[in-house]
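S.K.: Contents of run.pdb (PDB, C-alpha atoms) are below:
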ATOM      1  CA  MET A   1      40.001 149.390  -3.536  1.00  0.00           C
ATOM      2  CA  GLU A   2      40.846 152.355  -1.340  1.00  0.00           C
ATOM      3  CA  GLU A   3      40.379 150.328   1.780  1.00  0.00           C
ATOM      4  CA  LYS A   4      43.044 147.801   0.678  1.00  0.00           C
ATOM      5  CA  THR A   5      45.459 150.543  -0.236  1.00  0.00           C
ATOM      6  CA  SER A   6      44.965 152.148   3.135  1.00  0.00           C
ATOM      7  CA  LYS A   7      45.784 148.875   4.965  1.00  0.00           C
ATOM      8  CA  TRP A   8      48.918 148.211   2.891  1.00  0.00           C
ATOM      9  CA  TRP A   9      50.178 151.681   3.576  1.00  0.00           C
ATOM     10  CA  ALA A  10      49.636 151.257   7.312  1.00  0.00           C
ATOM     11  CA  VAL A  11      51.817 148.140   7.363  1.00  0.00           C
ATOM     12  CA  SER A  12      54.528 149.349   5.032  1.00  0.00           C
ATOM     13  CA  ARG A  13      54.874 152.691   6.731  1.00  0.00           C
ATOM     14  CA  TYR A  14      57.090 151.202   9.447  1.00  0.00           C
ATOM     15  CA  PRO A  15      59.075 148.526   7.596  1.00  0.00           C
ATOM     16  CA  LEU A  16      62.185 148.900   9.864  1.00  0.00           C
ATOM     17  CA  ILE A  17      60.191 148.345  13.061  1.00  0.00           C
ATOM     18  CA  SER A  18      58.582 145.257  11.601  1.00  0.00           C
ATOM     19  CA  GLU A  19      61.957 143.801  10.543  1.00  0.00           C
ATOM     20  CA  ILE A  20      63.458 144.477  14.045  1.00  0.00           C
ATOM     21  CA  SER A  21      60.489 142.842  15.757  1.00  0.00           C
ATOM     22  CA  VAL A  22      60.781 139.780  13.579  1.00  0.00           C
ATOM     23  CA  PHE A  23      64.577 139.606  14.114  1.00  0.00           C
ATOM     24  CA  SER A  24      64.133 139.946  17.893  1.00  0.00           C
ATOM     25  CA  ALA A  25      61.572 137.191  17.988  1.00  0.00           C
ATOM     26  CA  LEU A  26      63.869 134.912  15.998  1.00  0.00           C
ATOM     27  CA  PHE A  27      66.837 135.747  18.303  1.00  0.00           C
ATOM     28  CA  VAL A  28      64.828 134.957  21.440  1.00  0.00           C
ATOM     29  CA  ILE A  29      63.629 131.686  20.018  1.00  0.00           C
ATOM     30  CA  SER A  30      67.174 130.734  18.920  1.00  0.00           C
ATOM     31  CA  PHE A  31      68.567 131.661  22.375  1.00  0.00           C
ATOM     32  CA  PHE A  32      66.044 129.448  24.167  1.00  0.00           C
ATOM     33  CA  PHE A  33      66.831 126.608  21.786  1.00  0.00           C
ATOM     34  CA  PHE A  34      70.553 127.120  22.489  1.00  0.00           C
ATOM     35  CA  ILE A  35      70.019 127.107  26.279  1.00  0.00           C
ATOM     36  CA  LEU A  36      67.871 124.005  26.139  1.00  0.00           C
ATOM     37  CA  SER A  37      70.128 122.193  23.654  1.00  0.00           C
ATOM     38  CA  PRO A  38      71.913 119.012  24.975  1.00  0.00           C
ATOM     39  CA  SER A  39      75.367 120.256  23.959  1.00  0.00           C
ATOM     40  CA  HIS A  40      75.022 123.424  26.028  1.00  0.00           C
ATOM     41  CA  ALA A  41      73.678 121.488  29.016  1.00  0.00           C
ATOM     42  CA  ALA A  42      76.560 119.041  28.710  1.00  0.00           C
ATOM     43  CA  GLY A  43      79.035 121.910  28.559  1.00  0.00           C
ATOM     44  CA  ASN A  44      77.574 123.474  31.686  1.00  0.00           C
ATOM     45  CA  ASP A  45      77.601 120.126  33.459  1.00  0.00           C
ATOM     46  CA  ALA A  46      81.232 119.568  32.491  1.00  0.00           C
ATOM     47  CA  LYS A  47      82.167 123.066  33.602  1.00  0.00           C
ATOM     48  CA  ASN A  48      80.349 122.688  36.919  1.00  0.00           C
ATOM     49  CA  ALA A  49      81.866 119.259  37.450  1.00  0.00           C
ATOM     50  CA  ALA A  50      85.345 120.597  36.731  1.00  0.00           C
ATOM     51  CA  GLU A  51      84.863 123.486  39.152  1.00  0.00           C
ATOM     52  CA  ASN A  52      83.488 121.160  41.837  1.00  0.00           C
ATOM     53  CA  ASP A  53      86.384 118.726  41.296  1.00  0.00           C
ATOM     54  CA  THR A  54      88.863 121.564  41.625  1.00  0.00           C
ATOM     55  CA  LYS A  55      87.222 122.771  44.823  1.00  0.00           C
ATOM     56  CA  ASN A  56      86.997 119.250  46.239  1.00  0.00           C
ATOM     57  CA  VAL A  57      90.611 118.478  45.368  1.00  0.00           C
ATOM     58  CA  ALA A  58      91.785 121.753  46.865  1.00  0.00           C
ATOM     59  CA  GLY A  59      89.652 121.208  49.967  1.00  0.00           C
ATOM     60  CA  ASN A  60      90.823 117.621  50.362  1.00  0.00           C
ATOM     61  CA  ASP A  61      94.449 118.637  49.833  1.00  0.00           C
ATOM     62  CA  THR A  62      94.120 121.345  52.467  1.00  0.00           C
ATOM     63  CA  LYS A  63      92.380 118.945  54.865  1.00  0.00           C
ATOM     64  CA  ASN A  64      94.919 116.185  54.274  1.00  0.00           C
ATOM     65  CA  ALA A  65      97.789 118.631  54.638  1.00  0.00           C
ATOM     66  CA  ALA A  66      96.358 119.895  57.924  1.00  0.00           C
ATOM     67  CA  GLU A  67      95.803 116.340  59.199  1.00  0.00           C
ATOM     68  CA  ASN A  68      99.300 115.288  58.125  1.00  0.00           C
ATOM     69  CA  ASP A  69     100.792 118.350  59.799  1.00  0.00           C
ATOM     70  CA  THR A  70      98.883 117.524  62.981  1.00  0.00           C
ATOM     71  CA  LYS A  71     100.025 113.901  62.858  1.00  0.00           C
ATOM     72  CA  ASN A  72     103.600 114.890  62.122  1.00  0.00           C
ATOM     73  CA  VAL A  73     103.635 117.427  64.938  1.00  0.00           C
ATOM     74  CA  ALA A  74     102.102 114.924  67.357  1.00  0.00           C
ATOM     75  CA  GLY A  75     104.519 112.231  66.198  1.00  0.00           C
ATOM     76  CA  ASN A  76     107.508 114.519  66.493  1.00  0.00           C
ATOM     77  CA  ASP A  77     106.394 115.685  69.928  1.00  0.00           C
ATOM     78  CA  THR A  78     106.025 112.078  71.066  1.00  0.00           C
ATOM     79  CA  LYS A  79     109.428 111.177  69.660  1.00  0.00           C
ATOM     80  CA  ASN A  80     111.025 114.231  71.203  1.00  0.00           C
ATOM     81  CA  VAL A  81     109.440 113.594  74.606  1.00  0.00           C
ATOM     82  CA  ALA A  82     110.417 109.919  74.510  1.00  0.00           C
ATOM     83  CA  GLY A  83     113.908 110.810  73.335  1.00  0.00           C
ATOM     84  CA  ASN A  84     114.345 113.462  76.012  1.00  0.00           C
ATOM     85  CA  ASP A  85     113.053 111.106  78.706  1.00  0.00           C
ATOM     86  CA  ALA A  86     115.434 108.380  77.581  1.00  0.00           C
ATOM     87  CA  LYS A  87     118.328 110.847  77.513  1.00  0.00           C
ATOM     88  CA  ASN A  88     117.460 112.171  80.968  1.00  0.00           C
ATOM     89  CA  VAL A  89     117.200 108.679  82.445  1.00  0.00           C
ATOM     90  CA  ALA A  90     120.450 107.645  80.801  1.00  0.00           C
ATOM     91  CA  GLY A  91     122.101 110.861  81.972  1.00  0.00           C
ATOM     92  CA  ASN A  92     120.936 110.365  85.554  1.00  0.00           C
ATOM     93  CA  ASP A  93     122.124 106.753  85.547  1.00  0.00           C
ATOM     94  CA  ALA A  94     125.462 107.807  84.110  1.00  0.00           C
ATOM     95  CA  LYS A  95     125.836 110.480  86.786  1.00  0.00           C
ATOM     96  CA  LYS A  96     125.150 107.930  89.519  1.00  0.00           C
ATOM     97  CA  GLU A  97     127.635 105.473  88.032  1.00  0.00           C
ATOM     98  CA  LYS A  98     130.289 108.164  87.643  1.00  0.00           C
ATOM     99  CA  ALA A  99     129.994 109.355  91.244  1.00  0.00           C
ATOM    100  CA  PRO A 100     133.524 109.219  92.685  1.00  0.00           C
ATOM    101  CA  THR A 101     134.513 107.358  95.847  1.00  0.00           C
ATOM    102  CA  ILE A 102     136.308 109.566  98.367  1.00  0.00           C
ATOM    103  CA  ILE A 103     138.346 107.819 101.090  1.00  0.00           C
ATOM    104  CA  THR A 104     140.035 109.597 104.003  1.00  0.00           C
ATOM    105  CA  SER A 105     142.237 108.008 106.685  1.00  0.00           C
ATOM    106  CA  GLN A 106     145.195 108.646 108.982  1.00  0.00           C
ATOM    107  CA  SER A 107     147.580 106.610 106.818  1.00  0.00           C
ATOM    108  CA  LEU A 108     147.714 105.021 103.364  1.00  0.00           C
ATOM    109  CA  THR A 109     149.902 102.243 101.958  1.00  0.00           C
ATOM    110  CA  ALA A 110     149.606 101.685  98.194  1.00  0.00           C
ATOM    111  CA  ASP A 111     150.841  98.671  96.208  1.00  0.00           C
ATOM    112  CA  ASN A 112     150.758  99.452  92.504  1.00  0.00           C
ATOM    113  CA  LYS A 113     151.796  95.947  91.433  1.00  0.00           C
ATOM    114  CA  ALA A 114     149.105  94.221  93.477  1.00  0.00           C
ATOM    115  CA  LYS A 115     146.630  97.009  92.689  1.00  0.00           C
ATOM    116  CA  THR A 116     145.729  97.470  96.353  1.00  0.00           C
ATOM    117  CA  ALA A 117     145.525 100.397  98.765  1.00  0.00           C
ATOM    118  CA  LEU A 118     145.507  99.944 102.544  1.00  0.00           C
ATOM    119  CA  PHE A 119     143.818 102.696 104.601  1.00  0.00           C
ATOM    120  CA  THR A 120     144.150 102.664 108.377  1.00  0.00           C
ATOM    121  CA  GLY A 121     143.011 104.867 111.254  1.00  0.00           C
ATOM    122  CA  SER A 122     139.515 106.452 111.286  1.00  0.00           C
ATOM    123  CA  VAL A 123     138.804 105.465 107.682  1.00  0.00           C
ATOM    124  CA  VAL A 124     135.794 107.060 105.975  1.00  0.00           C
ATOM    125  CA  ALA A 125     134.722 106.071 102.431  1.00  0.00           C
ATOM    126  CA  LYS A 126     131.955 108.087 100.815  1.00  0.00           C
ATOM    127  CA  LYS A 127     130.181 107.528  97.486  1.00  0.00           C
ATOM    128  CA  ALA A 128     126.982 109.378  96.544  1.00  0.00           C
ATOM    129  CA  ASP A 129     124.495 108.811  99.414  1.00  0.00           C
ATOM    130  CA  THR A 130     126.461 105.944 101.062  1.00  0.00           C
ATOM    131  CA  THR A 131     129.151 106.364 103.731  1.00  0.00           C
ATOM    132  CA  ILE A 132     131.261 103.561 105.241  1.00  0.00           C
ATOM    133  CA  TYR A 133     133.295 103.873 108.458  1.00  0.00           C
ATOM    134  CA  ALA A 134     135.974 101.424 109.660  1.00  0.00           C
ATOM    135  CA  ASP A 135     139.325 101.163 111.478  1.00  0.00           C
ATOM    136  CA  ARG A 136     140.940  99.538 108.448  1.00  0.00           C
ATOM    137  CA  MET A 137     140.090  99.240 104.736  1.00  0.00           C
ATOM    138  CA  LEU A 138     141.889  97.261 102.042  1.00  0.00           C
ATOM    139  CA  VAL A 139     140.820  98.454  98.613  1.00  0.00           C
ATOM    140  CA  TYR A 140     141.278  96.329  95.474  1.00  0.00           C
ATOM    141  CA  TYR A 141     141.184  98.291  92.242  1.00  0.00           C
ATOM    142  CA  SER A 142     141.772  97.884  88.515  1.00  0.00           C
ATOM    143  CA  GLU A 143     142.948 100.263  85.833  1.00  0.00           C
ATOM    144  CA  GLY A 144     140.362 101.254  83.277  1.00  0.00           C
ATOM    145  CA  GLY A 145     139.862 104.174  80.935  1.00  0.00           C
ATOM    146  CA  SER A 146     141.298 107.394  82.321  1.00  0.00           C
ATOM    147  CA  GLY A 147     141.267 106.272  85.971  1.00  0.00           C
ATOM    148  CA  SER A 148     140.937 103.417  88.440  1.00  0.00           C
ATOM    149  CA  ASN A 149     137.855 101.382  89.287  1.00  0.00           C
ATOM    150  CA  ILE A 150     137.231  99.914  92.746  1.00  0.00           C
ATOM    151  CA  ASP A 151     136.448  96.202  92.570  1.00  0.00           C
ATOM    152  CA  LYS A 152     136.337  95.212  96.252  1.00  0.00           C
ATOM    153  CA  ILE A 153     136.791  96.710  99.730  1.00  0.00           C
ATOM    154  CA  GLU A 154     137.570  94.699 102.864  1.00  0.00           C
ATOM    155  CA  SER A 155     136.726  96.602 106.070  1.00  0.00           C
ATOM    156  CA  ASP A 156     137.628  95.589 109.628  1.00  0.00           C
ATOM    157  CA  GLY A 157     136.929  97.037 113.073  1.00  0.00           C
ATOM    158  CA  ASN A 158     133.917  99.110 114.067  1.00  0.00           C
ATOM    159  CA  VAL A 159     132.384  98.875 110.622  1.00  0.00           C
ATOM    160  CA  LYS A 160     129.373 101.082 109.987  1.00  0.00           C
ATOM    161  CA  LEU A 161     127.450 101.730 106.785  1.00  0.00           C
ATOM    162  CA  VAL A 162     125.059 104.687 106.634  1.00  0.00           C
ATOM    163  CA  ARG A 163     122.594 105.154 103.808  1.00  0.00           C
ATOM    164  CA  GLY A 164     119.645 107.438 104.410  1.00  0.00           C
ATOM    165  CA  ASP A 165     117.788 106.253 107.538  1.00  0.00           C
ATOM    166  CA  ARG A 166     119.439 102.825 107.431  1.00  0.00           C
ATOM    167  CA  VAL A 167     122.490 102.095 109.589  1.00  0.00           C
ATOM    168  CA  VAL A 168     124.301  98.754 109.469  1.00  0.00           C
ATOM    169  CA  THR A 169     127.075  97.892 111.942  1.00  0.00           C
ATOM    170  CA  SER A 170     129.329  94.834 112.195  1.00  0.00           C
ATOM    171  CA  GLY A 171     132.870  93.682 112.991  1.00  0.00           C
ATOM    172  CA  LYS A 172     133.711  92.987 109.358  1.00  0.00           C
ATOM    173  CA  MET A 173     132.378  93.905 105.926  1.00  0.00           C
ATOM    174  CA  VAL A 174     133.306  93.003 102.341  1.00  0.00           C
ATOM    175  CA  TYR A 175     132.039  95.309  99.616  1.00  0.00           C
ATOM    176  CA  TYR A 176     131.775  94.180  95.955  1.00  0.00           C
ATOM    177  CA  ALA A 177     131.341  96.866  93.315  1.00  0.00           C
ATOM    178  CA  GLY A 178     129.566  94.430  91.036  1.00  0.00           C
ATOM    179  CA  THR A 179     129.604  94.001  87.262  1.00  0.00           C
ATOM    180  CA  ASP A 180     127.039  93.487  84.518  1.00  0.00           C
ATOM    181  CA  LYS A 181     126.494  89.910  85.748  1.00  0.00           C
ATOM    182  CA  THR A 182     126.721  90.483  89.502  1.00  0.00           C
ATOM    183  CA  ASP A 183     124.979  92.959  91.795  1.00  0.00           C
ATOM    184  CA  GLU A 184     126.646  95.648  93.861  1.00  0.00           C
ATOM    185  CA  ARG A 185     126.490  94.357  97.417  1.00  0.00           C
ATOM    186  CA  ALA A 186     127.990  94.500 100.911  1.00  0.00           C
ATOM    187  CA  ILE A 187     128.331  91.401 103.095  1.00  0.00           C
ATOM    188  CA  PHE A 188     128.426  91.975 106.875  1.00  0.00           C
ATOM    189  CA  THR A 189     129.697  89.398 109.345  1.00  0.00           C
ATOM    190  CA  GLU A 190     130.660  89.289 113.037  1.00  0.00           C
ATOM    191  CA  SER A 191     127.443  90.341 114.779  1.00  0.00           C
ATOM    192  CA  PRO A 192     125.820  92.391 112.028  1.00  0.00           C
ATOM    193  CA  ARG A 193     123.007  94.686 113.094  1.00  0.00           C
ATOM    194  CA  ALA A 194     120.746  96.800 110.842  1.00  0.00           C
ATOM    195  CA  ALA A 195     118.584  99.587 112.225  1.00  0.00           C
ATOM    196  CA  GLU A 196     116.052 101.790 110.470  1.00  0.00           C
ATOM    197  CA  GLY A 197     114.399 104.156 112.904  1.00  0.00           C
ATOM    198  CA  LYS A 198     113.442 102.085 115.976  1.00  0.00           C
ATOM    199  CA  ASN A 199     113.190  98.817 113.997  1.00  0.00           C
ATOM    200  CA  VAL A 200     116.207  96.502 114.342  1.00  0.00           C
ATOM    201  CA  VAL A 201     117.350  93.340 112.523  1.00  0.00           C
ATOM    202  CA  ILE A 202     120.213  91.124 113.711  1.00  0.00           C
ATOM    203  CA  GLY A 203     121.713  87.868 112.403  1.00  0.00           C
ATOM    204  CA  THR A 204     124.897  85.930 111.749  1.00  0.00           C
ATOM    205  CA  LYS A 205     125.385  87.120 108.160  1.00  0.00           C
ATOM    206  CA  MET A 206     123.761  90.018 106.360  1.00  0.00           C
ATOM    207  CA  THR A 207     123.951  90.729 102.605  1.00  0.00           C
ATOM    208  CA  TYR A 208     122.805  94.146 101.479  1.00  0.00           C
ATOM    209  CA  TYR A 209     122.116  94.619  97.739  1.00  0.00           C
ATOM    210  CA  MET A 210     122.770  98.301  97.153  1.00  0.00           C
ATOM    211  CA  LYS A 211     120.992  98.982  93.851  1.00  0.00           C
ATOM    212  CA  ASP A 212     117.845  97.035  94.756  1.00  0.00           C
ATOM    213  CA  ASP A 213     117.863  98.308  98.379  1.00  0.00           C
ATOM    214  CA  ARG A 214     117.102  94.849  99.763  1.00  0.00           C
ATOM    215  CA  SER A 215     118.740  92.645 102.385  1.00  0.00           C
ATOM    216  CA  LEU A 216     119.236  88.931 102.956  1.00  0.00           C
ATOM    217  CA  VAL A 217     119.807  87.992 106.619  1.00  0.00           C
ATOM    218  CA  GLU A 218     120.810  84.550 107.891  1.00  0.00           C
ATOM    219  CA  ASN A 219     119.571  83.399 111.324  1.00  0.00           C
ATOM    220  CA  SER A 220     117.679  86.675 111.593  1.00  0.00           C
ATOM    221  CA  LYS A 221     115.871  88.173 114.530  1.00  0.00           C
ATOM    222  CA  VAL A 222     113.668  91.206 114.002  1.00  0.00           C
ATOM    223  CA  PHE A 223     112.545  93.813 116.514  1.00  0.00           C
ATOM    224  CA  ILE A 224     109.658  95.925 115.267  1.00  0.00           C
ATOM    225  CA  VAL A 225     108.461  98.848 117.329  1.00  0.00           C
ATOM    226  CA  GLU A 226     104.823  99.702 116.668  1.00  0.00           C
ATOM    227  CA  LYS A 227     103.190 102.964 117.611  1.00  0.00           C
ATOM    228  CA  GLU A 228     100.746 102.650 120.461  1.00  0.00           C
ATOM    229  CA  PRO A 229      97.247 103.943 119.750  1.00  0.00           C
ATOM    230  CA  GLY A 230      96.444 107.340 121.166  1.00  0.00           C
ATOM    231  CA  THR A 231     100.047 108.375 121.717  1.00  0.00           C
ATOM    232  CA  GLN A 232      99.860 111.524 119.651  1.00  0.00           C
ATOM    233  CA  GLU A 233     101.121 114.559 121.437  1.00  0.00           C
ATOM    234  CA  LYS A 234      98.435 116.950 122.548  1.00  0.00           C
ATOM    235  CA  LYS A 235      98.848 120.577 121.711  1.00  0.00           C
ATOM    236  CA  PRO A 236      99.075 122.793 124.789  1.00  0.00           C
ATOM    237  CA  GLN A 237      95.901 124.697 125.455  1.00  0.00           C
ATOM    238  CA  GLU A 238      96.072 128.449 125.475  1.00  0.00           C
ATOM    239  CA  LYS A 239      95.045 130.164 128.692  1.00  0.00           C
ATOM    240  CA  LYS A 240      92.023 132.378 128.413  1.00  0.00           C
ATOM    241  CA  LYS A 241      92.651 136.011 129.160  1.00  0.00           C
ATOM    242  CA  LYS A 242      90.487 137.532 131.870  1.00  0.00           C
TER     243      LYS A 242
END
Kindly return the structure encoded in the file as structure tokens.

M.R.:
Amino acid sequence: MEEKTSKWWAVSRYPLISEISVFSALFVISFFFFILSPSHAAGNDAKNAAENDTKNVAGNDTKNAAENDTKNVAGNDTKNVAGNDAKNVAGNDAKKEKAPTIITSQSLTADNKAKTALFTGSVVAKKADTTIYADRMLVYYSEGGSGSNIDKIESDGNVKLVRGDRVVTSGKMVYYAGTDKTDERAIFTESPRAAEGKNVVIGTKMTYYMKDDRSLVENSKVFIVEKEPGTQEKKPQEKKKK
């Protein structure tokens, strides 16, 4: 009987510690059950999925925005370059078309009704890179816009056209300014002769298309001067000092 009393006293001496131990054990077991429960796992999966979706959406948005910006910048650059090139080409063409024609001579007779101007005596007509010389020029013009436009020029006597290295001479020349349907051209007659360097072309009639820089010669005869092999000039040798 004493032995049983002694054992009961040993257990009941620390009742608070025993209750805490039991409560802790129950809490741990409940916590593990809560962690392993399907609802908690589903909640974690949903939370993780939501976070991943947010990150993916944000990452994709950033990536797409960067790609779109790159495409837009590249597209704008291409458009700007193309636009600037087109403007520059159009501007250069407009400048060439707007180049004025300057004519000097010893005398001038103008007929406003007939829209003609007769230049005589050492006549020189210059436009851009082309210069025409003659003893007499009859200019036909038309009124347009804020000024006059030259339609045709008839040149007689010692006619000479100079454009770059090309020189064309003849007794008579008729120049047509050209329109949208016809080309700007000069027709040479009366022993026309075209020279470019040492190469010479002659014929009975020569048509020179200005914009295309090409010629059409009737009854032509061509003289081509070729360089002989080994005709390069030798450099003088320096004398050796003694």

S.K.: Starting from the shown file, work through the PyMOL selection byres ((chain A and resi 164) around 12) and note down what comes out as a VMD selection string.

M.R.: chain A and resid 128 to 131 161 to 163 165 to 168 195 to 197 213

S.K.: What is the distance, in Å and to one decimal place, between CA of Ala177 in chain A and CA of Lys113 in chain A?

M.R.: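 Separation between CA of Ala177 in chain A and CA of Lys113 in chain A: 20.6 Å.
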
S.K.: Written as a list in words, which residues does the PyMOL selection byres ((chain A and resi 116-123) around 9) give for the file shown?

M.R.: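 Listing what the PyMOL selection byres ((chain A and resi 116-123) around 9) selects in the shown file: Ile103, Thr104, Ser105, Gln106, Ser107, Leu108, Thr109, Ala110, Asp111, Asn112, Lys113, Ala114, Lys115, Val124, Ala125, Ile132, Tyr133, Ala134, Asp135, Arg136, Met137, Leu138, Val139, Tyr140, Tyr141 and Ser142 of chain A.
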
S.K.: If you keep C-alpha atoms, can you produce a file of those selected residues as a PDB file, keeping the file's coordinate frame?

M.R.:
ATOM      1  CA  ILE A 103     138.346 107.819 101.090  1.00  0.00           C
ATOM      2  CA  THR A 104     140.035 109.597 104.003  1.00  0.00           C
ATOM      3  CA  SER A 105     142.237 108.008 106.685  1.00  0.00           C
ATOM      4  CA  GLN A 106     145.195 108.646 108.982  1.00  0.00           C
ATOM      5  CA  SER A 107     147.580 106.610 106.818  1.00  0.00           C
ATOM      6  CA  LEU A 108     147.714 105.021 103.364  1.00  0.00           C
ATOM      7  CA  THR A 109     149.902 102.243 101.958  1.00  0.00           C
ATOM      8  CA  ALA A 110     149.606 101.685  98.194  1.00  0.00           C
ATOM      9  CA  ASP A 111     150.841  98.671  96.208  1.00  0.00           C
ATOM     10  CA  ASN A 112     150.758  99.452  92.504  1.00  0.00           C
ATOM     11  CA  LYS A 113     151.796  95.947  91.433  1.00  0.00           C
ATOM     12  CA  ALA A 114     149.105  94.221  93.477  1.00  0.00           C
ATOM     13  CA  LYS A 115     146.630  97.009  92.689  1.00  0.00           C
ATOM     14  CA  VAL A 124     135.794 107.060 105.975  1.00  0.00           C
ATOM     15  CA  ALA A 125     134.722 106.071 102.431  1.00  0.00           C
ATOM     16  CA  ILE A 132     131.261 103.561 105.241  1.00  0.00           C
ATOM     17  CA  TYR A 133     133.295 103.873 108.458  1.00  0.00           C
ATOM     18  CA  ALA A 134     135.974 101.424 109.660  1.00  0.00           C
ATOM     19  CA  ASP A 135     139.325 101.163 111.478  1.00  0.00           C
ATOM     20  CA  ARG A 136     140.940  99.538 108.448  1.00  0.00           C
ATOM     21  CA  MET A 137     140.090  99.240 104.736  1.00  0.00           C
ATOM     22  CA  LEU A 138     141.889  97.261 102.042  1.00  0.00           C
ATOM     23  CA  VAL A 139     140.820  98.454  98.613  1.00  0.00           C
ATOM     24  CA  TYR A 140     141.278  96.329  95.474  1.00  0.00           C
ATOM     25  CA  TYR A 141     141.184  98.291  92.242  1.00  0.00           C
ATOM     26  CA  SER A 142     141.772  97.884  88.515  1.00  0.00           C
TER      27      SER A 142
END

S.K.: Excluding range 200-207 of chain A and any residue of its chain fewer than 3 positions from it, enumerate the residues within 7 Å of it, using only C-alpha atoms, and give them as a PDB file with C-alpha atoms, keeping the file's coordinate frame.

M.R.:
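Okay, result26.pdb is ready:
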ATOM      1  CA  ARG A 185     126.490  94.357  97.417  1.00  0.00           C
ATOM      2  CA  ALA A 186     127.990  94.500 100.911  1.00  0.00           C
ATOM      3  CA  ILE A 187     128.331  91.401 103.095  1.00  0.00           C
ATOM      4  CA  PHE A 188     128.426  91.975 106.875  1.00  0.00           C
ATOM      5  CA  THR A 189     129.697  89.398 109.345  1.00  0.00           C
ATOM      6  CA  GLU A 190     130.660  89.289 113.037  1.00  0.00           C
ATOM      7  CA  SER A 191     127.443  90.341 114.779  1.00  0.00           C
ATOM      8  CA  PRO A 192     125.820  92.391 112.028  1.00  0.00           C
ATOM      9  CA  ARG A 193     123.007  94.686 113.094  1.00  0.00           C
ATOM     10  CA  ALA A 194     120.746  96.800 110.842  1.00  0.00           C
ATOM     11  CA  ALA A 195     118.584  99.587 112.225  1.00  0.00           C
ATOM     12  CA  GLU A 196     116.052 101.790 110.470  1.00  0.00           C
ATOM     13  CA  SER A 215     118.740  92.645 102.385  1.00  0.00           C
ATOM     14  CA  LEU A 216     119.236  88.931 102.956  1.00  0.00           C
ATOM     15  CA  VAL A 217     119.807  87.992 106.619  1.00  0.00           C
ATOM     16  CA  GLU A 218     120.810  84.550 107.891  1.00  0.00           C
ATOM     17  CA  ASN A 219     119.571  83.399 111.324  1.00  0.00           C
ATOM     18  CA  SER A 220     117.679  86.675 111.593  1.00  0.00           C
ATOM     19  CA  LYS A 221     115.871  88.173 114.530  1.00  0.00           C
ATOM     20  CA  VAL A 222     113.668  91.206 114.002  1.00  0.00           C
ATOM     21  CA  PHE A 223     112.545  93.813 116.514  1.00  0.00           C
ATOM     22  CA  ILE A 224     109.658  95.925 115.267  1.00  0.00           C
TER      23      ILE A 224
END

S.K.: Given the file shown, determine the residues that the PyMOL selection byres ((chain A and resi 211) around 9) selects; report them as a list in words.

M.R.: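 Taken on the displayed file, the PyMOL selection byres ((chain A and resi 211) around 9) yields the residues Asp183, Glu184, Arg185, Tyr209, Met210, Asp212, Asp213 and Arg214 of chain A.
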
S.K.: May I have the selected residues written with C-alpha atoms, as a PDB file, in the coordinates of the input?

M.R.:
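Writing done, so here's result11.pdb:
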ATOM      1  CA  ASP A 183     124.979  92.959  91.795  1.00  0.00           C
ATOM      2  CA  GLU A 184     126.646  95.648  93.861  1.00  0.00           C
ATOM      3  CA  ARG A 185     126.490  94.357  97.417  1.00  0.00           C
ATOM      4  CA  TYR A 209     122.116  94.619  97.739  1.00  0.00           C
ATOM      5  CA  MET A 210     122.770  98.301  97.153  1.00  0.00           C
ATOM      6  CA  ASP A 212     117.845  97.035  94.756  1.00  0.00           C
ATOM      7  CA  ASP A 213     117.863  98.308  98.379  1.00  0.00           C
ATOM      8  CA  ARG A 214     117.102  94.849  99.763  1.00  0.00           C
TER       9      ARG A 214
END

S.K.: Would you mind reading off the distance between CA of Lys160 in chain A and CA of Tyr175 in chain A, one decimal, in Å?

M.R.: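 Computing it gives 12.2 Å between the two atoms.
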
S.K.: Quick check, in Å to one decimal: how far apart do CA of Ile102 in chain A and CA of Lys126 in chain A lie?

M.R.: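 That distance, rounded to one decimal, is 5.2 Å.
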
S.K.: Go through A:Val225, A:Lys127, A:Asn158, A:Ile150 and flag the residue nearest Lys198 in chain A, using only C-alpha atoms for the distances.

M.R.: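 The shortest atom-to-atom distance to Lys198 in chain A comes from A:Val225.
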
S.K.: From the set A:Asn149, A:Asn199, A:Pro100, A:Asp156, which residue has the shortest atom-to-atom contact distance to Ser170 in chain A, counting all atoms listed in the file?

M.R.: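 Looking only at the distances to Ser170 in chain A, the closest residue turns out to be A:Asp156.
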
S.K.: Any chance you could work out the axis-aligned box around range 159-171 of chain A, listed atoms only, 8 Å on each side, giving centre and edge lengths in Å to one decimal, as JSON?

M.R.:
{"center_x": 125.3, "center_y": 100.6, "center_z": 108.4, "size_x": 31.1, "size_y": 29.8, "size_z": 25.2}
